[in-house]
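Data file: data-v1.txt. Format and content: compact mmCIF, C-alpha atoms and all ligand atoms.
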# COMPACT_ATOMS: atom_id res chain seq x y z
CA MET L 1 32.12 180.66 139.73
CA LYS L 2 32.49 177.73 142.08
CA TYR L 3 35.85 177.61 143.93
CA ASP L 4 37.61 174.48 145.13
CA VAL L 5 38.05 176.03 148.59
CA ALA L 6 36.61 179.13 150.28
CA ILE L 7 38.49 180.34 153.36
CA VAL L 8 37.04 182.70 155.97
CA GLY L 9 39.68 184.98 157.55
CA ALA L 10 42.86 186.57 156.15
CA GLY L 11 45.04 186.10 159.23
CA ILE L 12 48.11 183.87 159.01
CA ALA L 13 45.98 180.69 159.21
CA GLY L 14 43.85 181.60 156.20
CA LEU L 15 46.75 183.00 154.17
CA SER L 16 49.13 180.09 154.79
CA LEU L 17 46.40 177.58 153.96
CA ALA L 18 45.51 179.46 150.77
CA TRP L 19 49.18 179.53 149.72
CA THR L 20 49.50 175.78 150.29
CA LEU L 21 46.31 174.90 148.39
CA ASN L 22 47.31 177.19 145.52
CA ARG L 23 50.56 175.26 145.16
CA GLN L 24 48.48 172.11 144.84
CA GLY L 25 46.54 173.62 141.95
CA LYS L 26 43.33 174.44 143.85
CA SER L 27 41.23 177.54 143.16
CA VAL L 28 40.89 179.49 146.41
CA ILE L 29 38.96 182.54 147.61
CA ILE L 30 39.55 184.24 150.99
CA LEU L 31 36.82 186.32 152.62
CA GLU L 32 37.94 188.78 155.28
CA ARG L 33 35.57 190.90 157.32
CA SER L 34 37.94 193.85 157.91
CA ALA L 35 39.47 196.24 155.39
CA ASN L 36 42.80 194.69 156.46
CA ALA L 37 43.50 191.85 158.89
CA GLN L 38 43.49 193.03 162.51
CA GLY L 39 43.45 189.83 164.54
CA ALA L 40 46.18 187.95 166.42
CA SER L 41 48.31 187.83 163.28
CA VAL L 42 49.10 191.56 163.52
CA ARG L 43 49.22 191.68 167.33
CA ASN L 44 51.93 189.14 168.10
CA PHE L 45 55.70 189.27 168.71
CA GLY L 46 56.59 188.08 165.23
CA MET L 47 58.50 185.21 166.77
CA VAL L 48 58.83 182.04 164.75
CA TRP L 49 59.84 180.02 167.79
CA PRO L 50 60.60 176.30 167.21
CA VAL L 51 62.53 176.04 170.50
CA GLY L 52 59.27 176.47 172.45
CA HIS L 53 57.80 173.20 171.13
CA PRO L 54 58.19 169.74 172.67
CA LEU L 55 60.93 167.60 171.19
CA GLY L 56 59.67 165.14 168.58
CA GLU L 57 56.66 165.49 166.31
CA VAL L 58 55.62 169.02 167.31
CA ARG L 59 59.14 170.41 167.09
CA ASP L 60 59.52 168.75 163.68
CA LEU L 61 56.29 170.46 162.58
CA ALA L 62 57.63 173.81 163.83
CA LEU L 63 60.92 173.27 161.98
CA ARG L 64 59.09 172.35 158.78
CA SER L 65 57.00 175.50 159.20
CA ARG L 66 60.17 177.56 159.71
CA GLU L 67 61.58 176.19 156.45
CA ILE L 68 58.44 177.20 154.54
CA TRP L 69 58.37 180.61 156.29
CA LEU L 70 61.86 181.43 155.00
CA ASN L 71 60.93 180.30 151.50
CA VAL L 72 57.65 182.26 151.38
CA ALA L 73 59.25 185.35 152.94
CA GLN L 74 61.84 185.38 150.20
CA GLN L 75 59.22 184.98 147.45
CA ALA L 76 56.91 187.64 148.92
CA ASN L 77 59.72 190.06 149.82
CA ILE L 78 58.91 189.88 153.54
CA TRP L 79 61.61 190.69 156.09
CA ALA L 80 62.46 187.51 158.06
CA ASP L 81 65.57 187.46 160.22
CA PRO L 82 66.80 184.02 161.38
CA ARG L 83 68.30 185.41 164.57
CA GLY L 84 67.87 182.68 167.18
CA SER L 85 67.00 183.16 170.84
CA LEU L 86 68.38 183.25 174.36
CA THR L 87 66.49 181.80 177.33
CA LEU L 88 68.03 183.29 180.44
CA ALA L 89 68.23 181.66 183.90
CA TYR L 90 68.79 183.99 186.86
CA GLU L 91 67.95 181.39 189.53
CA GLU L 92 69.56 178.01 190.20
CA ILE L 93 66.22 176.21 189.77
CA GLU L 94 65.83 177.82 186.33
CA ALA L 95 69.36 176.78 185.36
CA GLN L 96 68.48 173.25 186.50
CA VAL L 97 65.41 173.15 184.21
CA LEU L 98 67.56 174.29 181.26
CA ARG L 99 70.07 171.51 182.01
CA GLU L 100 67.26 168.94 182.23
CA PHE L 101 65.82 170.15 178.93
CA MET L 102 69.15 169.80 177.14
CA HIS L 103 69.67 166.39 178.76
CA GLU L 104 66.31 165.26 177.30
CA ALA L 105 67.47 166.66 173.94
CA GLY L 106 70.64 164.51 174.18
CA ASN L 107 72.60 167.79 174.21
CA ASP L 108 71.89 168.01 170.48
CA PRO L 109 73.42 171.31 169.25
CA ALA L 110 70.64 171.54 166.65
CA VAL L 111 68.24 172.05 169.57
CA GLY L 112 70.43 174.51 171.44
CA ARG L 113 73.50 175.00 173.57
CA LEU L 114 73.90 175.95 177.21
CA VAL L 115 76.11 179.04 177.41
CA SER L 116 77.84 180.81 180.29
CA PRO L 117 76.73 184.26 181.43
CA ALA L 118 79.77 185.82 179.73
CA GLU L 119 78.97 184.10 176.43
CA ALA L 120 75.30 185.08 176.68
CA LYS L 121 76.38 188.70 177.20
CA GLN L 122 78.56 188.46 174.11
CA ILE L 123 75.62 187.15 172.07
CA CYS L 124 73.32 189.91 173.35
CA PRO L 125 75.12 192.82 175.05
CA SER L 126 71.77 194.33 176.17
CA ILE L 127 71.05 191.62 178.77
CA ARG L 128 71.74 192.08 182.46
CA LEU L 129 74.76 190.08 183.60
CA GLU L 130 74.18 190.55 187.33
CA GLY L 131 72.75 187.33 188.79
CA LEU L 132 72.72 185.48 185.45
CA ARG L 133 73.60 181.81 185.97
CA LEU L 134 73.11 180.10 182.62
CA ALA L 135 71.42 180.57 179.25
CA LEU L 136 70.08 178.41 176.45
CA HIS L 137 71.13 179.64 173.01
CA SER L 138 69.02 178.31 170.16
CA LYS L 139 69.58 179.20 166.51
CA THR L 140 66.24 178.14 165.05
CA GLU L 141 64.16 181.27 165.77
CA ILE L 142 63.14 183.80 163.13
CA CYS L 143 61.85 187.34 163.58
CA VAL L 144 59.16 188.67 161.23
CA ASP L 145 57.28 191.93 161.66
CA PRO L 146 53.63 191.08 162.38
CA ARG L 147 52.62 194.61 161.41
CA GLU L 148 53.68 194.03 157.84
CA VAL L 149 53.68 190.31 157.29
CA VAL L 150 50.03 189.53 156.57
CA HIS L 151 49.62 192.82 154.72
CA LEU L 152 52.45 191.89 152.35
CA LEU L 153 51.44 188.27 152.08
CA ALA L 154 47.89 189.05 150.91
CA PRO L 155 48.86 191.04 147.78
CA TYR L 156 51.53 188.45 147.00
CA LEU L 157 48.89 185.70 147.10
CA THR L 158 46.72 187.61 144.65
CA THR L 159 49.64 187.57 142.17
CA LEU L 160 49.46 183.76 142.37
CA GLY L 161 45.78 183.82 141.39
CA ILE L 162 44.20 183.58 144.85
CA GLU L 163 41.17 185.84 145.16
CA ILE L 164 40.94 187.86 148.39
CA ARG L 165 37.93 189.98 149.27
CA PHE L 166 38.43 192.37 152.19
CA ALA L 167 35.58 194.22 153.98
CA THR L 168 33.48 191.12 153.35
CA PRO L 169 32.01 189.73 156.59
CA VAL L 170 30.75 186.18 156.55
CA ALA L 171 27.47 185.42 158.34
CA THR L 172 27.54 181.64 158.20
CA VAL L 173 28.81 178.65 156.24
CA GLU L 174 27.26 175.37 155.13
CA GLU L 175 28.04 172.54 152.74
CA GLY L 176 29.11 174.05 149.42
CA ARG L 177 28.33 177.66 150.43
CA VAL L 178 29.54 180.70 152.29
CA ILE L 179 26.76 183.14 153.11
CA LEU L 180 27.98 186.71 153.43
CA SER L 181 26.43 189.28 155.79
CA SER L 182 25.30 191.11 152.66
CA GLY L 183 23.23 188.05 151.76
CA ASP L 184 25.41 187.17 148.76
CA VAL L 185 26.51 183.57 148.45
CA ILE L 186 29.94 182.21 147.47
CA GLU L 187 29.98 178.64 146.22
CA ALA L 188 32.88 176.30 146.98
CA ASP L 189 33.38 172.53 147.19
CA LYS L 190 35.01 172.94 150.59
CA VAL L 191 34.79 175.70 153.17
CA VAL L 192 37.41 176.35 155.88
CA VAL L 193 36.77 178.82 158.69
CA CYS L 194 40.04 180.44 159.92
CA ALA L 195 38.39 183.17 162.01
CA GLY L 196 40.41 182.87 165.23
CA PRO L 197 38.21 183.21 168.36
CA ASP L 198 35.46 184.79 166.22
CA LEU L 199 34.77 181.31 164.95
CA ARG L 200 32.00 181.44 167.59
CA ASP L 201 30.02 183.96 165.47
CA ILE L 202 30.07 181.72 162.39
CA LEU L 203 29.95 178.20 163.83
CA PRO L 204 28.79 178.69 167.45
CA GLY L 205 28.90 175.06 168.59
CA VAL L 206 32.36 174.21 167.29
CA GLY L 207 34.53 175.94 169.90
CA PRO L 208 32.80 174.35 172.93
CA ALA L 209 32.72 170.92 171.25
CA ALA L 210 36.46 171.14 170.47
CA GLY L 211 37.26 172.35 174.02
CA LEU L 212 38.50 175.73 172.81
CA ILE L 213 39.11 178.42 175.42
CA ARG L 214 39.64 182.08 174.54
CA SER L 215 42.89 183.58 175.80
CA THR L 216 43.39 187.35 176.15
CA LEU L 217 46.90 188.80 176.31
CA GLN L 218 48.33 192.21 177.19
CA MET L 219 51.21 193.47 175.09
CA MET L 220 53.28 196.62 174.67
CA ARG L 221 55.72 198.21 172.31
CA LEU L 222 58.78 200.06 173.62
CA LYS L 223 60.48 202.54 171.32
CA PRO L 224 64.04 203.83 171.66
CA LYS L 225 64.22 207.30 173.25
CA GLY L 226 67.08 208.47 171.06
CA ASN L 227 68.15 207.85 167.49
CA SER L 228 70.67 205.21 168.42
CA PHE L 229 69.47 201.94 169.91
CA PRO L 230 71.20 198.74 170.90
CA ALA L 231 70.51 195.93 168.42
CA MET L 232 69.70 192.85 170.47
CA GLY L 233 70.46 190.31 167.76
CA VAL L 234 68.31 187.55 169.32
CA HIS L 235 64.83 187.02 170.78
CA LEU L 236 64.92 187.03 174.57
CA CYS L 237 63.01 185.37 177.38
CA ALA L 238 63.81 184.35 180.95
CA GLY L 239 62.76 182.13 183.86
CA LEU L 240 59.00 182.68 183.82
CA THR L 241 58.88 181.35 180.26
CA LEU L 242 60.18 177.98 181.47
CA GLY L 243 56.86 177.42 183.22
CA HIS L 244 54.86 178.35 180.15
CA TYR L 245 56.21 176.61 177.05
CA ALA L 246 55.59 172.95 176.43
CA ASN L 247 59.22 172.18 175.54
CA PHE L 248 60.04 172.14 179.27
CA ARG L 249 57.06 170.00 180.28
CA ASN L 250 59.10 166.81 180.89
CA CYS L 251 61.75 168.48 183.04
CA PRO L 252 61.70 166.82 186.49
CA SER L 253 62.29 170.17 188.29
CA LEU L 254 59.40 171.97 186.59
CA SER L 255 56.94 171.72 189.49
CA LYS L 256 59.63 172.96 191.89
CA LEU L 257 60.29 175.86 189.53
CA LYS L 258 56.59 176.78 189.41
CA ALA L 259 56.37 176.71 193.21
CA PHE L 260 59.48 178.91 193.40
CA HIS L 261 58.04 181.41 190.91
CA SER L 262 54.72 181.59 192.76
CA VAL L 263 56.68 183.05 195.69
CA LYS L 264 59.15 185.18 193.73
CA TRP L 265 56.64 186.48 191.13
CA PRO L 266 53.15 186.21 192.74
CA LYS L 267 51.48 188.89 190.62
CA GLN L 268 53.07 187.56 187.44
CA CYS L 269 51.90 184.00 188.21
CA GLU L 270 48.39 185.22 189.03
CA GLU L 271 48.16 187.07 185.70
CA GLY L 272 49.77 184.28 183.64
CA ILE L 273 52.70 186.54 182.79
CA HIS L 274 55.91 185.36 181.20
CA VAL L 275 58.06 187.85 179.37
CA LEU L 276 59.27 187.56 175.80
CA VAL L 277 61.04 190.31 173.86
CA SER L 278 61.47 190.69 170.12
CA GLN L 279 63.13 193.60 168.39
CA HIS L 280 62.09 194.87 164.98
CA ARG L 281 64.01 196.70 162.29
CA ASP L 282 63.22 200.16 163.68
CA GLY L 283 64.79 199.13 166.99
CA SER L 284 61.47 199.00 168.86
CA LEU L 285 60.80 196.12 171.24
CA THR L 286 57.61 194.09 171.39
CA VAL L 287 57.18 192.96 175.00
CA GLY L 288 54.56 190.78 176.65
CA ASP L 289 52.56 189.03 177.81
CA SER L 290 49.82 188.10 180.30
CA HIS L 291 47.16 185.38 179.84
CA ASP L 292 43.54 185.61 180.92
CA TYR L 293 41.33 182.66 179.97
CA GLY L 294 37.61 182.54 179.21
CA ASP L 295 34.94 184.43 177.31
CA ARG L 296 34.15 186.89 180.06
CA THR L 297 37.40 188.89 179.89
CA LEU L 298 36.69 192.62 179.81
CA PRO L 299 38.28 194.82 177.13
CA TYR L 300 40.32 196.99 179.52
CA ILE L 301 44.11 197.17 179.60
CA SER L 302 45.26 196.97 183.22
CA GLU L 303 48.13 199.20 184.31
CA ASP L 304 48.88 196.74 187.15
CA VAL L 305 49.43 194.00 184.61
CA ASN L 306 51.61 196.27 182.45
CA GLN L 307 53.71 197.08 185.49
CA ALA L 308 54.08 193.40 186.39
CA ILE L 309 55.31 192.69 182.84
CA ILE L 310 57.81 195.57 183.07
CA ASN L 311 59.02 194.37 186.50
CA ALA L 312 59.73 190.91 185.14
CA LEU L 313 61.40 192.42 182.05
CA SER L 314 63.70 194.51 184.25
CA GLU L 315 65.25 191.35 185.69
CA PHE L 316 66.97 190.57 182.40
CA LEU L 317 66.97 193.69 180.22
CA ASP L 318 68.12 197.22 180.88
CA TRP L 319 65.43 199.02 178.93
CA SER L 320 66.26 202.53 180.20
CA GLU L 321 66.94 203.62 176.60
CA PHE L 322 63.29 202.84 175.73
CA GLU L 323 59.83 204.21 176.53
CA VAL L 324 56.38 202.65 176.21
CA ALA L 325 54.85 203.74 172.89
CA GLU L 326 51.80 201.47 172.58
CA ARG L 327 49.76 198.89 174.48
CA TRP L 328 47.19 196.47 173.09
CA LEU L 329 45.22 193.31 173.74
CA GLY L 330 45.44 190.17 171.64
CA HIS L 331 43.26 187.07 171.55
CA TYR L 332 43.53 183.48 170.40
CA ASN L 333 41.78 180.24 171.17
CA THR L 334 43.64 177.51 172.95
CA ALA L 335 43.03 173.99 174.32
CA PRO L 336 45.09 172.12 176.92
CA GLY L 337 47.71 169.78 175.47
CA GLN L 338 47.03 170.81 171.84
CA PHE L 339 48.84 173.17 169.46
CA TYR L 340 46.04 173.84 166.98
CA SER L 341 42.52 172.67 166.28
CA TRP L 342 41.35 171.18 162.97
CA VAL L 343 37.79 169.88 162.97
CA ASN L 344 35.17 168.94 160.40
CA PRO L 345 31.88 169.91 162.11
CA ALA L 346 29.61 169.44 159.08
CA PRO L 347 29.92 167.88 155.61
CA GLY L 348 32.14 170.09 153.45
CA VAL L 349 32.94 172.48 156.35
CA TRP L 350 36.18 172.64 158.38
CA SER L 351 37.50 174.91 161.13
CA LEU L 352 41.20 175.68 161.63
CA ASN L 353 42.22 177.47 164.84
CA LEU L 354 45.85 178.30 165.59
CA PHE L 355 46.82 178.78 169.23
CA GLY L 356 49.59 180.58 171.14
CA THR L 357 52.36 179.61 168.72
CA GLY L 358 50.30 179.94 165.58
CA MET L 359 52.72 182.26 163.80
CA THR L 360 55.39 179.60 164.19
CA LEU L 361 53.28 176.61 163.20
CA SER L 362 51.11 178.24 160.51
CA PHE L 363 52.77 177.00 157.33
CA GLY L 364 53.55 173.56 158.75
CA VAL L 365 49.98 173.09 159.96
CA ALA L 366 48.65 174.42 156.64
CA GLU L 367 50.67 171.79 154.76
CA ARG L 368 49.38 169.05 157.03
CA VAL L 369 45.69 170.01 156.92
CA ALA L 370 45.71 170.85 153.19
CA ASN L 371 46.71 167.25 152.48
CA GLU L 372 43.76 166.01 154.56
CA LEU L 373 41.41 168.51 152.93
CA ILE L 374 42.32 167.44 149.42
CA LEU L 375 41.80 163.76 150.24
CA ALA L 376 38.47 164.39 152.02
C1 LIG L 401 49.48 188.89 171.73
C2 LIG L 401 49.84 187.67 170.95
C3 LIG L 401 51.17 187.34 170.77
C4 LIG L 401 51.50 186.20 170.02
N1 LIG L 401 52.81 185.97 169.72
C5 LIG L 401 53.14 184.93 168.90
C6 LIG L 401 54.47 184.75 168.46
O1 LIG L 401 55.33 185.61 168.66
N2 LIG L 401 54.77 183.62 167.79
C7 LIG L 401 53.83 182.70 167.48
O2 LIG L 401 54.17 181.68 166.91
N3 LIG L 401 52.52 182.91 167.75
C8 LIG L 401 52.15 184.01 168.45
N4 LIG L 401 50.85 184.25 168.76
C9 LIG L 401 49.82 183.37 168.20
C10 LIG L 401 49.50 183.76 166.75
O3 LIG L 401 49.54 185.16 166.60
C11 LIG L 401 48.11 183.23 166.37
O4 LIG L 401 48.06 181.83 166.58
C12 LIG L 401 47.80 183.47 164.91
O5 LIG L 401 48.07 184.79 164.53
C13 LIG L 401 46.34 183.14 164.65
O6 LIG L 401 46.09 183.39 163.30
P1 LIG L 401 44.63 183.24 162.72
O7 LIG L 401 44.72 183.54 161.27
O8 LIG L 401 44.07 181.93 163.15
O9 LIG L 401 43.78 184.34 163.51
P2 LIG L 401 43.64 185.92 163.28
O10 LIG L 401 44.94 186.54 162.96
O11 LIG L 401 42.91 186.43 164.48
O12 LIG L 401 42.77 186.05 161.99
C14 LIG L 401 41.39 185.73 161.95
C15 LIG L 401 40.79 186.58 160.86
O13 LIG L 401 39.44 186.16 160.65
C16 LIG L 401 38.69 187.32 160.38
N5 LIG L 401 37.27 187.06 160.66
C17 LIG L 401 36.72 186.77 161.87
N6 LIG L 401 35.38 186.63 161.74
C18 LIG L 401 35.09 186.82 160.44
C19 LIG L 401 33.87 186.83 159.68
N7 LIG L 401 32.69 186.61 160.26
N8 LIG L 401 33.94 187.09 158.34
C20 LIG L 401 35.14 187.31 157.73
N9 LIG L 401 36.31 187.34 158.40
C21 LIG L 401 36.29 187.09 159.74
C22 LIG L 401 39.27 188.36 161.32
O14 LIG L 401 38.95 189.68 160.91
C23 LIG L 401 40.75 188.05 161.24
O15 LIG L 401 41.42 188.82 160.24
C24 LIG L 401 50.49 185.37 169.49
C25 LIG L 401 49.14 185.71 169.69
C26 LIG L 401 48.82 186.86 170.39
C27 LIG L 401 47.38 187.24 170.56

Would you mind giving the structure from this file in C-alpha cells?
Amino acid sequence: MKYDVAIVGAGIAGLSLAWTLNRQGKSVIILERSANAQGASVRNFGMVWPVGHPLGEVRDLALRSREIWLNVAQQANIWADPRGSLTLAYEEIEAQVLREFMHEAGNDPAVGRLVSPAEAKQICPSIRLEGLRLALHSKTEICVDPREVVHLLAPYLTTLGIEIRFATPVATVEEGRVILSSGDVIEADKVVVCAGPDLRDILPGVGPAAGLIRSTLQMMRLKPKGNSFPAMGVHLCAGLTLGHYANFRNCPSLSKLKAFHSVKWPKQCEEGIHVLVSQHRDGSLTVGDSHDYGDRTLPYISEDVNQAIINALSEFLDWSEFEVAERWLGHYNTAPGQFYSWVNPAPGVWSLNLFGTGMTLSFGVAERVANELILA
C-alpha cells in the first residue's frame, strides 16, 4: 500500500500532525522506534501555556492550538484541565516587568490580570505570601498529564483509521520512501520526520542547516507525603521565568531584571534554571527546569542543579508536604527567535521539530504545516 503521508515519530508532533491530516482525508502511517513514545512528549510539565508566547501571531497560534487541544482531549477521553496560571513577582523589578507586559497587552483581561498578593493567595492558597508583591493571573492555561496523553492519543488515532507501528525504527527517508532499520520499505507520497532531536540520526544535515541546537533539561516529580494534599488549582511560576519566556521580551525593564537575577540567583542563571510547577490529578507536582545547550551534554543528573531548582521553588511554594519521587532528563531542539522548525530538505521529505513550548503549540502548528503539506 502507498500512503499519502508517512510520519516518523509518535510524540505529540507526529500524533497531532497525523490527526490533522486524517481530518483532511489523507491516509497516514506513523512509524515509532520505541514500544511506546518516550521522548519529550512524556517528559514535560503537561502545560499548555499560551501566556508564555509573544502577543500577536504566536499567541494566536497558541490559542488556536489550545482550542484544538480541548476538542481532541474530549474526543479521545484525555484529562485536560483549563486551570490557568499565576506568575508571581517577589521583587519590585519583577513586578515592574509584569506591569510593562500588561501595558503592552493594553491591559486586555483576555491576556491576564494583575492581582494583589492577597488575591493571588486566594487563587492558590499553597503559595508563599511573605515578600509577594504582585502576580499575573492568566486563564488560558491547560494542564494535561504527559504520562498518559500520547499513550491515549495513539490508540484513539487508530480508531480513526491512522496506522501506527511501534517498535519500528526508521533508518532513513527519501522521496516516496521510508527505509526501516529492518530493511523493509514503506511507500508514501510525502514523508515527515517528527523525531525530536533524533532527527540527526535520520537526516543528519538538517539540524545544522536549520540552526537547531539541542537543549537538555533536568526535571523532578514531587509526591505528597501523606494522603491529603493541597490542590493548587493553577500552574505556577515566578520571577526567573520572566527572563525566559518570549512574552516578556519587549518589556523595557527586562535587561535590568536579568542583571538583578544574575546577582540574586547566580547558580540558577548559570544553569539556565527557571521554575515552573504543574500539579496532576494524583496531587504530585512536576517541577523544573534547567537548560543546557549543545550536543555534548553528558547524561548525568546533577544534584547541584536539582538543589538550585528546589531553592528557587522554595521562594514561592511551601513544598514541605512533598518529597522528591523521581528525577529525569528531557531533550528538545531549539533555535533562537523561533518556536518550531518546518523544513523541506529534499523533494517529498519534510522535518517538523517542536521546541520548548511544543506541547502548547503542537495542534496549532500541525494545522498550519498540514495545509502547506497538502498544497506542496
Ligand atoms: C523537560 C521538558 C519539559 C517541557 N515542558 C513543556 C510544557 O510543559 N509545555 C509545552 O508546551 N512544552 C513543553 N516541552 C516541550 C515539548 O515537550 C516538546 O516540544 C514536544 O514534546 C516535542 O514533541 P515531538 O513529538 O517533536 O518529540 P518527542 O516527544 O521527542 O518525540 C519524537 C519521537 O520520535 C521517535 N523517533 C526518534 N527517532 C526515530 C527513528 N529513527 N525511528 C522511529 N522513531 C523515532 C522517538 O522515539 C520519539 O517517540 C517540554 C520539553 C521538555 C524536554

Practice task
Record the distance separating CA of Ile273 (chain L) and CA of Ile93 (chain L), expressed in Å with one decimal.
Solution key: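 Interatomic distance, CA of Ile273 (chain L) to CA of Ile93 (chain L): 18.4 Å.
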
Please give me, as a CSV table (one decimal) with C-alpha atoms, keeping the file's coordinate frame, the residues lying within 7 Å of ligand LIG 401 (chain L) when counting all atoms listed in the file.
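The file below, part_8.csv, is the result:
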chain,number,residue,atom,x,y,z
L,8,VAL,CA,37.0,182.7,156.0
L,9,GLY,CA,39.7,185.0,157.6
L,10,ALA,CA,42.9,186.6,156.2
L,11,GLY,CA,45.0,186.1,159.2
L,12,ILE,CA,48.1,183.9,159.0
L,13,ALA,CA,46.0,180.7,159.2
L,14,GLY,CA,43.8,181.6,156.2
L,31,LEU,CA,36.8,186.3,152.6
L,32,GLU,CA,37.9,188.8,155.3
L,33,ARG,CA,35.6,190.9,157.3
L,34,SER,CA,37.9,193.8,157.9
L,37,ALA,CA,43.5,191.8,158.9
L,38,GLN,CA,43.5,193.0,162.5
L,39,GLY,CA,43.4,189.8,164.5
L,40,ALA,CA,46.2,188.0,166.4
L,41,SER,CA,48.3,187.8,163.3
L,42,VAL,CA,49.1,191.6,163.5
L,43,ARG,CA,49.2,191.7,167.3
L,44,ASN,CA,51.9,189.1,168.1
L,45,PHE,CA,55.7,189.3,168.7
L,46,GLY,CA,56.6,188.1,165.2
L,47,MET,CA,58.5,185.2,166.8
L,48,VAL,CA,58.8,182.0,164.8
L,49,TRP,CA,59.8,180.0,167.8
L,168,THR,CA,33.5,191.1,153.4
L,169,PRO,CA,32.0,189.7,156.6
L,170,VAL,CA,30.8,186.2,156.6
L,171,ALA,CA,27.5,185.4,158.3
L,194,CYS,CA,40.0,180.4,159.9
L,195,ALA,CA,38.4,183.2,162.0
L,196,GLY,CA,40.4,182.9,165.2
L,197,PRO,CA,38.2,183.2,168.4
L,198,ASP,CA,35.5,184.8,166.2
L,199,LEU,CA,34.8,181.3,165.0
L,201,ASP,CA,30.0,184.0,165.5
L,202,ILE,CA,30.1,181.7,162.4
L,216,THR,CA,43.4,187.4,176.2
L,217,LEU,CA,46.9,188.8,176.3
L,218,GLN,CA,48.3,192.2,177.2
L,219,MET,CA,51.2,193.5,175.1
L,289,ASP,CA,52.6,189.0,177.8
L,329,LEU,CA,45.2,193.3,173.7
L,330,GLY,CA,45.4,190.2,171.6
L,331,HIS,CA,43.3,187.1,171.6
L,332,TYR,CA,43.5,183.5,170.4
L,353,ASN,CA,42.2,177.5,164.8
L,354,LEU,CA,45.8,178.3,165.6
L,355,PHE,CA,46.8,178.8,169.2
L,356,GLY,CA,49.6,180.6,171.1
L,357,THR,CA,52.4,179.6,168.7
L,358,GLY,CA,50.3,179.9,165.6
L,359,MET,CA,52.7,182.3,163.8
L,360,THR,CA,55.4,179.6,164.2
L,361,LEU,CA,53.3,176.6,163.2

Problem - Sphere at (69.6, 183.1, 181.7), radius 10 Å, counting all atoms listed in the file: residues as a ChimeraX atom specification - result: /L:86-92,94-95,98,114-117,120-121,127-129,131-137,236-239,316

Given the selection you just returned, output its residues as a file containing C-alpha atoms, formatted as a PDB file, keeping the file's coordinate frame.
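So result.pdb came out as:
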ATOM      1  CA  LEU L  86      68.380 183.250 174.360  1.00  0.00           C
ATOM      2  CA  THR L  87      66.490 181.800 177.330  1.00  0.00           C
ATOM      3  CA  LEU L  88      68.030 183.290 180.440  1.00  0.00           C
ATOM      4  CA  ALA L  89      68.230 181.660 183.900  1.00  0.00           C
ATOM      5  CA  TYR L  90      68.790 183.990 186.860  1.00  0.00           C
ATOM      6  CA  GLU L  91      67.950 181.390 189.530  1.00  0.00           C
ATOM      7  CA  GLU L  92      69.560 178.010 190.200  1.00  0.00           C
ATOM      8  CA  GLU L  94      65.830 177.820 186.330  1.00  0.00           C
ATOM      9  CA  ALA L  95      69.360 176.780 185.360  1.00  0.00           C
ATOM     10  CA  LEU L  98      67.560 174.290 181.260  1.00  0.00           C
ATOM     11  CA  LEU L 114      73.900 175.950 177.210  1.00  0.00           C
ATOM     12  CA  VAL L 115      76.110 179.040 177.410  1.00  0.00           C
ATOM     13  CA  SER L 116      77.840 180.810 180.290  1.00  0.00           C
ATOM     14  CA  PRO L 117      76.730 184.260 181.430  1.00  0.00           C
ATOM     15  CA  ALA L 120      75.300 185.080 176.680  1.00  0.00           C
ATOM     16  CA  LYS L 121      76.380 188.700 177.200  1.00  0.00           C
ATOM     17  CA  ILE L 127      71.050 191.620 178.770  1.00  0.00           C
ATOM     18  CA  ARG L 128      71.740 192.080 182.460  1.00  0.00           C
ATOM     19  CA  LEU L 129      74.760 190.080 183.600  1.00  0.00           C
ATOM     20  CA  GLY L 131      72.750 187.330 188.790  1.00  0.00           C
ATOM     21  CA  LEU L 132      72.720 185.480 185.450  1.00  0.00           C
ATOM     22  CA  ARG L 133      73.600 181.810 185.970  1.00  0.00           C
ATOM     23  CA  LEU L 134      73.110 180.100 182.620  1.00  0.00           C
ATOM     24  CA  ALA L 135      71.420 180.570 179.250  1.00  0.00           C
ATOM     25  CA  LEU L 136      70.080 178.410 176.450  1.00  0.00           C
ATOM     26  CA  HIS L 137      71.130 179.640 173.010  1.00  0.00           C
ATOM     27  CA  LEU L 236      64.920 187.030 174.570  1.00  0.00           C
ATOM     28  CA  CYS L 237      63.010 185.370 177.380  1.00  0.00           C
ATOM     29  CA  ALA L 238      63.810 184.350 180.950  1.00  0.00           C
ATOM     30  CA  GLY L 239      62.760 182.130 183.860  1.00  0.00           C
ATOM     31  CA  PHE L 316      66.970 190.570 182.400  1.00  0.00           C
TER      32      PHE L 316
END

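With all atoms listed in the file taken into account, the protein and nucleic acid residues at most 10 Å from Leu203 (chain L) (excluding it and anything under 5 positions from it in its own chain) are Ala171, Thr172, Val173, Glu174, Val193, Ala195, Asp198, Pro345, Ala346, Val349, Trp350 and Ser351 of chain L.
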
Fill in the blank from the handout: Atom pair CA of Thr286 (chain L) + CA of Pro54 (chain L), distance 24.4 Å

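The residue that comes closest to His103 (chain L), out of L:Cys251, L:Ile30, L:Ile162, L:Ala366 and on the basis of only C-alpha atoms, is L:Cys251.
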
Mind listing as a short mmCIF file (atom, residue, chain, number, x, y, z; two decimals) with C-alpha atoms, in the frame of the given file all residues within 12 Å of (53.3, 183.3, 189.1), counting all atoms listed in the file?
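Generated file (out-v3.cif):
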data_model
loop_
_atom_site.label_atom_id
_atom_site.label_comp_id
_atom_site.auth_asym_id
_atom_site.auth_seq_id
_atom_site.Cartn_x
_atom_site.Cartn_y
_atom_site.Cartn_z
CA GLY L 239 62.76 182.13 183.86
CA LEU L 240 59.00 182.68 183.82
CA THR L 241 58.88 181.35 180.26
CA LEU L 242 60.18 177.98 181.47
CA GLY L 243 56.86 177.42 183.22
CA HIS L 244 54.86 178.35 180.15
CA LEU L 257 60.29 175.86 189.53
CA LYS L 258 56.59 176.78 189.41
CA ALA L 259 56.37 176.71 193.21
CA PHE L 260 59.48 178.91 193.40
CA HIS L 261 58.04 181.41 190.91
CA SER L 262 54.72 181.59 192.76
CA VAL L 263 56.68 183.05 195.69
CA LYS L 264 59.15 185.18 193.73
CA TRP L 265 56.64 186.48 191.13
CA PRO L 266 53.15 186.21 192.74
CA LYS L 267 51.48 188.89 190.62
CA GLN L 268 53.07 187.56 187.44
CA CYS L 269 51.90 184.00 188.21
CA GLU L 270 48.39 185.22 189.03
CA GLU L 271 48.16 187.07 185.70
CA GLY L 272 49.77 184.28 183.64
CA ILE L 273 52.70 186.54 182.79
CA HIS L 274 55.91 185.36 181.20
CA VAL L 275 58.06 187.85 179.37
CA SER L 290 49.82 188.10 180.30
CA HIS L 291 47.16 185.38 179.84
CA ALA L 308 54.08 193.40 186.39
CA ILE L 309 55.31 192.69 182.84
CA ALA L 312 59.73 190.91 185.14
#
